[in-house]
>>> print(open('model.txt').read())   # compact mmCIF, C-alpha atoms
# COMPACT_ATOMS: atom_id res chain seq x y z
CA MET A 84 54.91 23.08 -12.14
CA PRO A 85 55.61 19.53 -13.22
CA VAL A 86 54.31 18.15 -16.46
CA ASP A 87 51.52 15.81 -15.54
CA ALA A 88 48.50 14.37 -17.23
CA ALA A 89 46.30 17.20 -16.01
CA LEU A 90 48.41 19.78 -17.78
CA ILE A 91 48.37 17.80 -21.02
CA ALA A 92 44.63 17.39 -20.83
CA GLU A 93 44.12 21.08 -20.13
CA MET A 94 46.33 22.16 -23.01
CA PHE A 95 44.53 19.75 -25.32
CA GLN A 96 41.09 20.95 -24.31
CA ARG A 97 41.81 24.68 -24.41
CA HIS A 98 44.32 25.11 -27.19
CA ALA A 99 44.18 22.14 -29.55
CA PRO A 100 41.73 23.69 -32.06
CA ALA A 101 43.63 26.97 -32.17
CA LEU A 102 46.90 25.10 -32.51
CA ALA A 103 45.53 23.12 -35.41
CA LEU A 104 44.25 26.31 -37.06
CA TYR A 105 47.69 27.81 -36.55
CA ALA A 106 49.47 24.81 -38.10
CA ARG A 107 47.06 24.56 -40.99
CA GLN A 108 48.66 27.69 -42.37
CA TRP A 109 51.70 25.64 -43.39
CA THR A 110 50.74 22.03 -43.64
CA ALA A 111 47.75 19.81 -44.16
CA SER A 112 48.78 17.47 -41.35
CA ALA A 113 47.98 20.04 -38.70
CA ASP A 114 46.52 17.51 -36.26
CA ASP A 115 49.70 15.46 -36.39
CA CYS A 116 51.77 18.51 -35.57
CA VAL A 117 49.53 19.36 -32.63
CA GLN A 118 49.63 15.82 -31.28
CA GLU A 119 53.40 15.65 -31.59
CA ALA A 120 53.71 18.95 -29.79
CA LEU A 121 51.58 17.74 -26.89
CA VAL A 122 53.57 14.50 -26.63
CA GLU A 123 56.77 16.55 -26.67
CA LEU A 124 55.39 18.60 -23.80
CA ALA A 125 54.92 15.38 -21.85
CA ARG A 126 58.60 14.53 -22.37
CA GLN A 127 59.76 17.70 -20.67
CA GLN A 128 61.24 17.27 -17.21
CA ALA A 129 59.66 20.48 -16.05
CA ALA A 130 56.74 22.42 -17.44
CA PRO A 131 57.69 25.56 -19.40
CA ASP A 132 56.91 28.92 -17.93
CA ASN A 133 54.19 29.56 -20.47
CA PRO A 134 52.91 26.26 -21.85
CA PRO A 135 50.62 27.77 -24.52
CA ALA A 136 53.40 29.90 -25.97
CA TRP A 137 55.72 26.91 -25.86
CA LEU A 138 53.17 24.80 -27.72
CA TYR A 139 52.63 27.40 -30.42
CA ARG A 140 56.38 27.60 -30.95
CA VAL A 141 56.72 23.84 -31.23
CA VAL A 142 53.72 23.53 -33.52
CA ARG A 143 55.12 26.26 -35.74
CA ASN A 144 58.46 24.50 -36.07
CA ARG A 145 56.90 21.15 -36.78
CA ALA A 146 54.45 22.59 -39.29
CA MET A 147 57.24 24.36 -41.13
CA ASN A 148 59.28 21.18 -41.19
CA ALA A 149 56.34 19.29 -42.54
CA ALA A 150 55.84 21.96 -45.19
CA ARG A 151 59.47 21.69 -46.26
CA ALA A 152 59.16 17.92 -46.43
CA SER A 153 56.08 18.17 -48.59
CA ARG A 154 57.72 20.66 -50.97
CA ARG A 155 60.45 18.16 -51.72
CA ARG A 156 57.97 15.73 -53.17
CA THR A 157 57.07 15.59 -56.85
CA ALA A 158 54.65 18.08 -58.41
CA HIS A 159 51.99 15.41 -58.70
CA GLU A 160 52.16 14.63 -54.96
CA GLN A 161 52.06 18.32 -54.06
CA ALA A 162 48.95 18.77 -56.17
CA ALA A 163 47.39 15.75 -54.51
CA ALA A 164 48.30 17.17 -51.11
CA ALA A 165 46.62 20.45 -52.01
CA GLY A 166 43.52 18.55 -53.01
CA ARG A 167 43.67 16.65 -49.71
CA THR A 168 43.96 19.95 -47.84
CA GLN A 169 40.67 21.09 -49.16
CA SER A 170 39.09 17.73 -48.54
CA ASP A 171 40.42 17.58 -44.98
CA ARG A 172 37.55 19.68 -43.95
CA SER A 173 34.94 17.48 -42.49
CA PRO A 174 31.59 17.67 -44.22
CA THR A 175 30.08 18.29 -40.83
CA ASP A 176 32.05 21.51 -40.41
CA SER A 177 29.81 24.50 -40.16
CA ALA A 178 29.81 27.17 -42.75
CA ALA A 179 31.28 29.57 -40.24
CA VAL A 180 34.29 27.36 -39.81
CA VAL A 181 34.81 27.08 -43.52
CA ASP A 182 34.37 30.79 -43.90
CA LEU A 183 36.99 31.36 -41.21
CA GLU A 184 39.50 29.29 -43.11
CA ASP A 185 38.83 31.17 -46.29
CA LEU A 186 38.97 34.45 -44.44
CA LEU A 187 42.37 33.81 -42.98
CA SER A 188 43.74 32.43 -46.22
CA GLN A 189 43.43 35.91 -47.70
CA LEU A 190 45.95 37.34 -45.25
CA GLU A 191 49.67 37.43 -45.58
CA PRO A 192 51.36 34.45 -43.90
CA SER A 193 53.07 36.62 -41.31
CA ALA A 194 49.89 38.51 -40.56
CA ARG A 195 47.78 35.37 -40.46
CA GLU A 196 49.87 33.68 -37.78
CA ILE A 197 49.92 36.85 -35.69
CA VAL A 198 46.12 37.07 -35.88
CA VAL A 199 45.72 33.42 -34.84
CA LEU A 200 48.21 33.81 -32.00
CA ARG A 201 46.50 36.94 -30.71
CA VAL A 202 42.83 36.18 -31.25
CA TRP A 203 42.61 32.42 -30.50
CA GLY A 204 45.95 31.78 -28.81
CA GLY A 205 45.63 34.59 -26.29
CA LEU A 206 49.37 35.22 -26.27
CA ALA A 207 50.90 38.49 -25.15
CA TRP A 208 52.62 40.74 -27.65
CA GLN A 209 56.08 39.89 -26.35
CA GLU A 210 55.33 36.17 -26.61
CA ILE A 211 53.99 36.63 -30.13
CA ALA A 212 57.19 38.44 -31.08
CA GLU A 213 59.27 35.58 -29.70
CA VAL A 214 57.27 32.94 -31.55
CA VAL A 215 57.39 34.64 -34.95
CA GLY A 216 60.93 35.82 -34.43
CA GLY A 217 60.28 39.54 -34.73
CA SER A 218 59.76 42.57 -32.59
CA LYS A 219 56.74 43.48 -30.52
CA SER A 220 56.06 46.65 -32.42
CA GLY A 221 56.31 44.82 -35.71
CA ALA A 222 53.83 42.21 -34.53
CA GLN A 223 51.38 44.89 -33.49
CA ARG A 224 51.73 46.65 -36.80
CA HIS A 225 51.07 43.48 -38.76
CA TYR A 226 48.06 42.76 -36.57
CA VAL A 227 46.49 46.13 -37.21
CA GLN A 228 47.09 45.80 -40.93
CA ALA A 229 45.48 42.35 -40.91
CA LEU A 230 42.40 43.67 -39.15
CA GLU A 231 42.08 46.49 -41.62
CA GLN A 232 42.40 44.07 -44.51
CA LEU A 233 39.72 41.85 -43.12
CA ARG A 234 37.45 44.81 -42.51
CA ASN A 235 37.89 46.04 -46.04
CA HIS A 236 37.35 42.56 -47.42
CA TRP A 237 34.01 42.06 -45.84
CA GLU A 238 32.59 45.43 -46.28
CA PRO A 239 34.40 48.64 -46.75
CA HIS A 240 32.63 50.41 -43.90
CA SER A 241 31.36 47.62 -41.59
CA CYS A 242 32.55 44.44 -39.70
CA PRO A 243 31.68 40.87 -40.75
CA THR A 244 28.73 39.19 -39.11
CA ASN A 245 28.04 35.53 -38.43
CA MET B 63 53.26 51.53 -30.13
CA SER B 64 52.58 50.96 -26.46
CA ASP B 65 52.61 47.63 -24.80
CA GLU B 66 48.88 47.54 -24.59
CA LEU B 67 47.62 47.95 -28.14
CA ARG B 68 44.72 50.37 -28.32
CA LEU B 69 42.61 49.67 -31.39
CA PRO B 70 40.06 51.99 -32.96
CA ASP B 71 36.46 51.11 -32.35
CA ASP B 72 35.88 49.59 -35.76
CA LEU B 73 38.98 47.42 -35.55
CA ALA B 74 38.11 46.42 -32.00
CA ALA B 75 34.69 45.31 -33.22
CA CYS B 76 36.27 43.27 -36.01
CA GLU B 77 38.59 41.70 -33.48
CA ALA B 78 35.62 40.77 -31.31
CA ARG B 79 33.81 39.21 -34.21
CA LEU B 80 36.83 37.14 -35.08
CA ALA B 81 37.19 35.93 -31.53
CA ALA B 82 33.55 34.85 -31.55
CA ARG B 83 34.27 32.34 -34.29
CA SER B 84 35.63 29.04 -33.06
CA PRO B 85 38.28 27.15 -34.99
CA ALA B 86 37.46 23.69 -36.28
CA PRO B 87 37.83 20.91 -33.74
CA THR B 88 40.74 18.56 -34.22
CA GLN B 89 40.52 14.91 -35.17
CA ILE B 90 42.99 13.94 -32.44
CA ASP B 91 41.94 10.99 -30.31
CA ARG B 92 42.25 12.18 -26.74
CA ASP B 93 42.78 8.72 -25.26
CA GLN B 94 45.48 7.91 -27.75
CA LEU B 95 47.13 11.25 -27.06
CA MET B 96 47.18 10.67 -23.30
CA TYR B 97 48.54 7.16 -23.80
CA GLN B 98 51.36 8.43 -25.99
CA ALA B 99 52.06 11.26 -23.59
CA GLY B 100 52.36 8.81 -20.69
CA TRP B 101 54.78 6.64 -22.62
CA ALA B 102 56.83 9.64 -23.60
CA ALA B 103 57.01 10.84 -20.02
CA CYS B 104 58.21 7.42 -18.80
CA GLU B 105 60.85 7.21 -21.49
CA ALA B 106 62.04 10.70 -20.67
CA ASN B 107 62.32 9.85 -16.97
CA GLN B 108 64.30 6.69 -17.69
CA SER B 109 66.65 8.45 -20.06
CA ALA B 110 67.14 11.18 -17.48
CA MET B 111 67.97 8.64 -14.79
CA LYS B 112 70.60 6.82 -16.84
CA PRO B 113 72.96 9.73 -17.22
CA SER B 114 72.56 10.57 -13.56
CA LEU B 115 73.63 7.07 -12.61
CA LEU B 116 76.71 7.16 -14.77
CA SER B 117 77.94 10.60 -13.94
CA GLU B 118 80.41 11.12 -11.18
CA GLY B 119 79.29 12.70 -8.03
CA LYS B 120 75.94 13.56 -9.45
CA LYS B 121 73.14 13.07 -7.04
CA GLY B 122 70.80 10.54 -8.53
CA GLN B 123 67.25 9.70 -7.71
CA HIS B 124 65.98 6.36 -6.54
CA GLY B 125 68.67 3.76 -7.12
CA SER B 126 71.68 6.02 -7.03
CA ASN B 127 74.03 3.06 -6.39
CA GLY B 128 74.25 2.47 -10.04
CA GLY B 129 76.67 0.88 -12.36
CA LYS B 130 79.61 3.09 -11.59
CA THR B 131 79.28 2.68 -7.84
CA ILE B 132 79.15 -1.08 -8.15
CA ALA B 133 82.17 -1.04 -10.45
CA ALA B 134 84.07 1.12 -7.95
CA TRP B 135 83.32 -1.28 -5.11
CA SER B 136 84.38 -4.25 -7.22
CA PHE B 137 87.63 -2.58 -8.12
CA ALA B 138 88.27 -1.66 -4.50
CA SER B 139 87.64 -5.24 -3.37
CA ALA B 140 89.94 -6.64 -6.01
CA ALA B 141 92.65 -4.15 -5.14
CA LEU B 142 92.35 -4.98 -1.44
CA ALA B 143 92.61 -8.69 -2.13
CA ALA B 144 95.63 -8.18 -4.35
CA SER B 145 97.37 -5.98 -1.79
CA LEU B 146 96.74 -8.53 0.95
CA ALA B 147 98.17 -11.30 -1.19
CA VAL B 148 101.25 -9.21 -1.96
CA ALA B 149 101.67 -8.32 1.70
CA VAL B 150 101.49 -11.94 2.80
CA THR B 151 103.93 -12.98 0.12
CA LEU B 152 106.39 -10.27 1.08
CA HIS B 153 106.08 -11.19 4.74
CA LEU B 154 106.87 -14.81 4.00
CA GLN B 155 109.84 -13.80 1.90
CA ARG B 156 111.15 -11.52 4.62
CA SER B 157 110.84 -14.27 7.14
CA ALA B 158 112.77 -16.63 4.92
CA THR B 159 115.39 -13.97 4.33
CA SER B 160 115.73 -13.29 8.03
CA THR B 161 116.05 -16.98 8.62
CA LEU B 162 118.89 -17.18 6.13
CA THR B 163 120.58 -14.13 7.68
CA ALA B 164 120.35 -15.54 11.16
CA ALA B 165 121.76 -18.82 9.99
CA ASN B 166 124.86 -17.13 8.58
CA ASN B 167 125.44 -15.34 11.87
CA PRO B 168 127.72 -17.43 14.13
CA ASP B 169 126.16 -15.95 17.25
CA ALA B 170 122.72 -16.99 16.28
CA GLN B 171 121.13 -20.07 17.63
CA ILE B 172 118.99 -20.51 14.61
CA ALA B 173 121.20 -23.25 13.18
CA SER B 174 120.82 -25.31 16.32
CA ALA B 175 117.07 -24.93 16.35
CA LYS B 176 116.72 -25.69 12.67
CA ASN B 177 119.10 -28.60 12.75
CA ASP B 178 117.43 -30.01 15.78
CA ALA B 179 114.13 -29.79 14.03
CA ILE B 180 115.32 -31.43 10.86
CA ALA B 181 118.15 -33.55 12.15
CA LYS B 182 119.35 -36.25 9.85
CA PRO B 183 121.61 -39.13 10.73
CA GLY B 184 125.11 -38.57 9.66
CA VAL B 185 124.73 -34.90 9.10
CA PRO B 186 126.78 -32.83 11.48
CA VAL B 187 124.67 -30.62 13.65
CA VAL B 188 125.84 -27.28 14.89
CA ARG B 189 125.21 -26.80 18.59
CA PRO B 190 126.03 -23.66 20.52
CA THR B 191 128.61 -24.17 23.22
CA ALA B 192 129.28 -20.68 24.52
CA GLU B 193 126.70 -18.55 26.26
CA PRO B 194 126.06 -15.42 24.18
CA ALA B 195 125.27 -12.06 25.66
CA ALA B 196 121.99 -11.73 27.46
CA SER B 197 120.80 -8.94 25.23
CA GLN B 198 121.51 -10.90 22.11
CA ASN B 199 120.14 -14.07 23.56
CA ASN B 200 116.58 -12.88 23.64
CA SER B 201 116.55 -11.49 20.13
CA ALA B 202 118.33 -14.50 18.73
CA ALA B 203 115.96 -16.79 20.54
CA LEU B 204 113.05 -14.87 19.17
CA VAL B 205 114.41 -15.13 15.67
CA ALA B 206 114.97 -18.83 16.18
CA ALA B 207 111.47 -19.20 17.46
CA VAL B 208 110.02 -17.44 14.46
CA ALA B 209 112.10 -19.58 12.21
CA SER B 210 110.95 -22.72 13.94
CA PHE B 211 107.39 -21.50 13.61
CA PHE B 212 107.68 -21.21 9.90
CA SER B 213 109.69 -24.37 9.46
CA PRO B 214 107.47 -27.42 9.64
CA PRO B 215 108.68 -29.97 12.14
CA ALA B 216 107.98 -32.88 9.85
CA ALA B 217 109.23 -31.23 6.71
CA PRO B 218 111.79 -32.99 4.59
CA PRO B 219 115.37 -31.89 5.08
CA ARG B 220 116.10 -28.61 3.43
CA PRO B 221 118.78 -28.44 0.80
CA ASN B 222 120.64 -25.71 2.64
CA THR B 223 120.99 -27.63 5.88
CA ALA B 224 124.19 -29.20 4.69
CA LEU B 225 125.35 -25.76 3.65
CA PHE B 226 124.87 -24.45 7.19
CA ALA B 227 126.76 -27.44 8.51
CA ALA B 228 129.51 -27.01 5.99
CA ARG B 229 129.89 -23.34 6.80
CA ALA B 230 130.00 -24.16 10.47
CA ILE B 231 132.63 -26.79 9.80
CA SER B 232 134.72 -24.34 7.78
CA VAL B 233 134.49 -21.80 10.56
CA ASP B 234 135.57 -24.42 13.04
CA GLY B 235 138.48 -25.56 10.89
CA ASN B 236 139.93 -22.15 9.95
CA SER B 237 139.69 -20.30 13.21
CA THR B 238 142.10 -20.71 16.10
CA ASP B 239 139.64 -19.36 18.59
CA ALA B 240 137.20 -21.55 20.27
CA PRO B 241 134.46 -22.08 17.79
CA PRO B 242 131.14 -20.78 18.91
CA PHE B 243 129.60 -23.97 17.84
CA GLN B 244 130.74 -27.48 18.37
CA LEU B 245 129.98 -30.06 15.80
CA THR B 246 128.30 -33.11 17.00
CA SER B 247 127.10 -35.90 14.89
CA VAL B 248 123.64 -36.96 15.39
CA ASN B 249 123.02 -40.66 15.41
CA ALA B 250 119.40 -41.35 15.68
CA ALA B 251 119.96 -44.91 16.75
CA SER B 252 122.36 -44.22 19.67
CA ASP B 253 122.58 -40.87 21.32
CA ALA B 254 119.91 -38.82 19.58
CA ALA B 255 118.23 -36.77 22.26
CA PRO B 256 114.60 -36.31 21.87
CA SER B 257 113.90 -32.92 20.44
CA PRO B 258 111.97 -30.62 22.66
CA PRO B 259 108.38 -30.25 21.73
CA SER B 260 107.88 -27.42 19.29
CA LYS B 261 106.23 -24.36 20.58
CA THR B 262 103.87 -22.09 18.81
CA ALA B 263 104.74 -18.52 17.99
CA TRP B 264 102.35 -17.25 20.63
CA GLN B 265 104.02 -19.37 23.28
CA LEU B 266 107.43 -18.21 22.26
CA LEU B 267 106.37 -14.59 22.28
CA ASP B 268 104.89 -14.99 25.73
CA GLU B 269 108.08 -16.63 26.90
CA TYR B 270 110.66 -14.29 25.44
CA LEU B 271 108.78 -11.06 25.06
CA PRO B 272 106.17 -11.06 27.74
CA SER B 273 106.00 -7.30 27.85
CA ALA B 274 105.71 -6.79 24.14
CA LYS B 275 102.44 -5.67 22.74
CA LYS B 276 100.96 -8.52 20.92
CA PRO B 277 98.37 -8.34 18.18
CA PRO B 278 94.95 -9.76 18.93
CA ARG B 279 94.89 -13.47 18.66
CA GLU B 280 91.64 -13.71 16.88
CA SER B 281 91.79 -12.45 13.40
CA ARG B 282 89.25 -9.96 12.30
CA PHE B 283 89.07 -11.56 8.96
CA PHE B 284 87.38 -14.73 8.16
CA TRP B 285 89.67 -17.10 6.39
CA PRO B 286 87.99 -19.88 4.44
CA TRP B 287 90.35 -22.47 5.90
CA ASN B 288 89.22 -21.50 9.40
CA SER B 289 85.75 -22.74 8.81
CA ALA B 290 84.16 -25.19 11.16
CA SER B 291 84.57 -28.90 10.82
CA LEU B 292 81.09 -29.17 9.50
CA GLY B 293 82.04 -26.92 6.68
CA GLU B 294 80.10 -23.97 7.96
CA THR B 295 81.13 -20.77 6.35
CA ILE B 296 79.72 -17.29 6.08
>>> encode(input="model.txt", output="C-alpha cells")
Amino acid sequence: MPVDAALIAEMFQRHAPALALYARQWTASADDCVQEALVELARQQAAPDNPPAWLYRVVRNRAMNAARASRRRTAHEQAAAAGRTQSDRSPTDSAAVVDLEDLLSQLEPSAREIVVLRVWGGLAWQEIAEVVGGSKSGAQRHYVQALEQLRNHWEPHSCPTN
Amino acid sequence: MSDELRLPDDLAACEARLAARSPAPTQIDRDQLMYQAGWAACEANQSAMKPSLLSEGKKGQHGSNGGKTIAAWSFASAALAASLAVAVTLHLQRSATSTLTAANNPDAQIASAKNDAIAKPGVPVVRPTAEPAASQNNSAALVAAVASFFSPPAAPPRPNTALFAARAISVDGNSTDAPPFQLTSVNAASDAAPSPPSKTAWQLLDEYLPSAKKPPRESRFFWPWNSASLGETI
C-alpha cells in the first residue's frame, strides 16, 4: 500500500489524539511529535505493514528525544516547561479530559504507555511488546497491574464513572 | 498468559470505562500537516531518484538516462574520435613508409612515377628501361599508383627526390650489369614529355586490380569538408 494523502489523513483523524496522549507522557510538545511522525510517514517510499504501530513507535522515539533535550536545559527552564505543561491544557477541555490526564499520571511510566497503546491505540500485544521493547507476557502483566491500580484508586470495590 | 488476555469482569469493566473516555484533541493544523506531508513526499521521491540515476545498472524510473549514461556516451564518442584520428595518422605514415620502401627498391617503378610527377629541370630522372616480371609489375604499379595518389601533382619538389636520383646514379655507376634504370635528364624547355594525366586511386584500382574487392565509394561517415557548396551540413 503506497503512502498517499488518504493514508495520512486517515492516520491523523483516527490516531492523532491518542498519539498526542501517548507522547504527553514524556514531553510537553506532544503535538509537534505527532506532526513530525505523520510527516515522516509521508516520506516513506512504501507504507509500513502496520501504520498505527509504526506511528506509535516513531512518536515514542521523538517524545523521548524531546524529553532528553529538555532535561539538558537549566533548572529554571525545566520548571517553566513544567508550568507550561499544565497550562497546555486548553481551557475548553472538558473535565473528563483533565481527569483522564490526572488518572494516567498516577501510573508507572511503563504501565501508562501500555495502557494508552492498548486502550486508545488498539495495538495487539505483540505490537505493544515491540514498541516498548519488552515481551508480550510482560506487557500483559503490566496492563493488568495498571487496571488494578486504577480500580483501587477510584474506589476500592467499584469502577470509575464519567 | 495466553495471547488473548482474559480479564476478570471488574477489570474488563474498568477497561471499558477507560475506552469510553476520549483523549484531548490535538492542536495540529490539518491543512498545514497535509502540506508538509506533500512536500516531504516529493523530497523523498527526488532523493530516491538521484541515487538510482547514479548507480550502475540499476533500473531507474522516469528519466533513467541520467548523468552517468550521458557521461558514458560522451566518453565513448571521444574515444571513437581519438581512435579514428590515430588510425588515419597511422595509415598516412604507413603509406609514406611504403612509398620510401618502394623507392629504395630498384625493381620498383615508384621513382619514375614520382620523378615524373615532380620533375625538375636539371635533376636526373630515373626511368625504367627493362621490363620487370609480370607478377611484380602489377604490384609495383599499384604501389606507384598509391604513391602518386598521395603525392600532390603540384606539390613542391620533395627533399628526398635528389636522394632517389643520387642512389640511382650510384647504382648505375657501381654495377657492371645493365642498370635497371637509365638516367635521363629532364629539360623542360626542350625534350620534356608531357606527363600523363594523373589518375585517381579508384581509377588505378579498377585498372590494375579489377577483380579485387573494393570498399564502397561513398563513405558512411559525414565529413565536414564534404559539405555542399552552399555550406549545408547536418
>>> residues_near_point(input="model.txt", point="(46.9, 40.7, -29.7)", cutoff="8 Å", atoms="all atoms listed in the file", output="short mmCIF file (atom, residue, chain, number, x, y, z; two decimals) with C-alpha atoms, in the coordinates of the input")
data_model
loop_
_atom_site.label_atom_id
_atom_site.label_comp_id
_atom_site.auth_asym_id
_atom_site.auth_seq_id
_atom_site.Cartn_x
_atom_site.Cartn_y
_atom_site.Cartn_z
CA ILE A 197 49.92 36.85 -35.69
CA VAL A 198 46.12 37.07 -35.88
CA LEU A 200 48.21 33.81 -32.00
CA ARG A 201 46.50 36.94 -30.71
CA VAL A 202 42.83 36.18 -31.25
CA GLY A 205 45.63 34.59 -26.29
CA LEU A 206 49.37 35.22 -26.27
CA ALA A 207 50.90 38.49 -25.15
CA TRP A 208 52.62 40.74 -27.65
CA GLN A 223 51.38 44.89 -33.49
CA TYR A 226 48.06 42.76 -36.57
CA LEU B 67 47.62 47.95 -28.14
#
>>> residues_around(input="model.txt", residues="region 138-148 of chain A", least_positions_apart="4", cutoff="7 Å", atoms="all atoms listed in the file", output="PDB file with C-alpha atoms, in the coordinates of the input")
ATOM      1  CA  LEU A 102      46.900  25.100 -32.510  1.00  0.00           C
ATOM      2  CA  ALA A 106      49.470  24.810 -38.100  1.00  0.00           C
ATOM      3  CA  TRP A 109      51.700  25.640 -43.390  1.00  0.00           C
ATOM      4  CA  THR A 110      50.740  22.030 -43.640  1.00  0.00           C
ATOM      5  CA  ALA A 113      47.980  20.040 -38.700  1.00  0.00           C
ATOM      6  CA  CYS A 116      51.770  18.510 -35.570  1.00  0.00           C
ATOM      7  CA  VAL A 117      49.530  19.360 -32.630  1.00  0.00           C
ATOM      8  CA  ALA A 120      53.710  18.950 -29.790  1.00  0.00           C
ATOM      9  CA  PRO A 134      52.910  26.260 -21.850  1.00  0.00           C
ATOM     10  CA  ALA A 152      59.160  17.920 -46.430  1.00  0.00           C
ATOM     11  CA  VAL A 214      57.270  32.940 -31.550  1.00  0.00           C
TER      12      VAL A 214
END
>>> atom_distance(input="model.txt", atom1="CA of Leu186 (chain A)", atom2="CA of Asp91 (chain B)")
27.5 Å
>>> interface_residues(input="model.txt", of="chain A", to="chain B", cutoff="8 Å", atoms="all atoms listed in the file", output="ChimeraX atom specification")
/A:88,91-92,99-101,103-104,114-115,118,121-123,125-128,176,179-180,183,202-203,208,220,223,227,230-231,234,241-244
>>> atom_distance(input="model.txt", atom1="CA of Lys112 (chain B)", atom2="CA of Ala129 (chain A)")
17.5 Å
>>> closest_residue(input="model.txt", among="A:Ala111, A:Ala222, A:Leu233, A:Ala130", to="Met94 (chain A)", atoms="only C-alpha atoms")
A:Ala130
>>> atom_distance(input="model.txt", atom1="CA of Glu93 (chain A)", atom2="CA of Ile211 (chain A)")
21.0 Å
>>> closest_residue(input="model.txt", among="A:Ala136, A:Ala150, A:Arg155, A:His98", to="Glu213 (chain A)", atoms="all atoms listed in the file")
A:Ala136
>>> decode(input="model.txt", residues="region 230-236 of chain A", atoms="all heavy atoms", output="short mmCIF file (atom, residue, chain, number, x, y, z; two decimals), in the first residue's frame")
data_model
loop_
_atom_site.label_atom_id
_atom_site.label_comp_id
_atom_site.auth_asym_id
_atom_site.auth_seq_id
_atom_site.Cartn_x
_atom_site.Cartn_y
_atom_site.Cartn_z
N LEU A 230 -4.55 -1.68 35.47
CA LEU A 230 -6.00 -1.67 35.66
C LEU A 230 -6.38 -1.83 37.11
O LEU A 230 -7.32 -1.17 37.62
CB LEU A 230 -6.65 -2.76 34.80
CG LEU A 230 -6.62 -2.55 33.29
CD1 LEU A 230 -7.27 -3.73 32.58
CD2 LEU A 230 -7.34 -1.26 32.91
N GLU A 231 -5.68 -2.70 37.79
CA GLU A 231 -5.96 -2.88 39.22
C GLU A 231 -5.65 -1.61 40.00
O GLU A 231 -6.39 -1.23 40.93
CB GLU A 231 -5.14 -4.06 39.74
CG GLU A 231 -5.60 -5.41 39.19
CD GLU A 231 -4.68 -6.54 39.65
OE1 GLU A 231 -3.61 -6.24 40.24
OE2 GLU A 231 -5.02 -7.72 39.40
N GLN A 232 -4.59 -0.94 39.66
CA GLN A 232 -4.23 0.29 40.34
C GLN A 232 -5.28 1.38 40.11
O GLN A 232 -5.65 2.11 41.04
CB GLN A 232 -2.86 0.76 39.86
CG GLN A 232 -2.31 1.97 40.60
CD GLN A 232 -0.91 2.33 40.12
OE1 GLN A 232 -0.31 1.63 39.32
NE2 GLN A 232 -0.39 3.45 40.63
N LEU A 233 -5.74 1.45 38.91
CA LEU A 233 -6.77 2.44 38.62
C LEU A 233 -8.07 2.11 39.35
O LEU A 233 -8.77 2.99 39.87
CB LEU A 233 -7.02 2.51 37.11
CG LEU A 233 -5.89 3.08 36.26
CD1 LEU A 233 -6.22 2.95 34.78
CD2 LEU A 233 -5.63 4.54 36.65
N ARG A 234 -8.40 0.83 39.38
CA ARG A 234 -9.61 0.43 40.09
C ARG A 234 -9.51 0.74 41.56
O ARG A 234 -10.45 1.26 42.18
CB ARG A 234 -9.84 -1.07 39.85
CG ARG A 234 -11.13 -1.60 40.46
CD ARG A 234 -11.10 -3.10 40.52
NE ARG A 234 -9.98 -3.57 41.35
CZ ARG A 234 -9.63 -4.83 41.50
NH1 ARG A 234 -10.30 -5.77 40.84
NH2 ARG A 234 -8.63 -5.17 42.28
N ASN A 235 -8.40 0.47 42.15
CA ASN A 235 -8.22 0.76 43.57
C ASN A 235 -8.15 2.26 43.84
O ASN A 235 -8.48 2.71 44.93
CB ASN A 235 -6.94 0.09 44.08
CG ASN A 235 -6.99 -1.42 44.02
OD1 ASN A 235 -8.09 -2.01 44.07
ND2 ASN A 235 -5.86 -2.06 43.88
N HIS A 236 -7.69 3.01 42.88
CA HIS A 236 -7.61 4.46 43.08
C HIS A 236 -8.98 5.10 43.10
O HIS A 236 -9.26 5.98 43.94
CB HIS A 236 -6.76 5.08 41.98
CG HIS A 236 -6.73 6.59 42.00
ND1 HIS A 236 -6.02 7.30 42.96
CD2 HIS A 236 -7.35 7.50 41.23
CE1 HIS A 236 -6.18 8.60 42.73
NE2 HIS A 236 -6.99 8.74 41.70
#
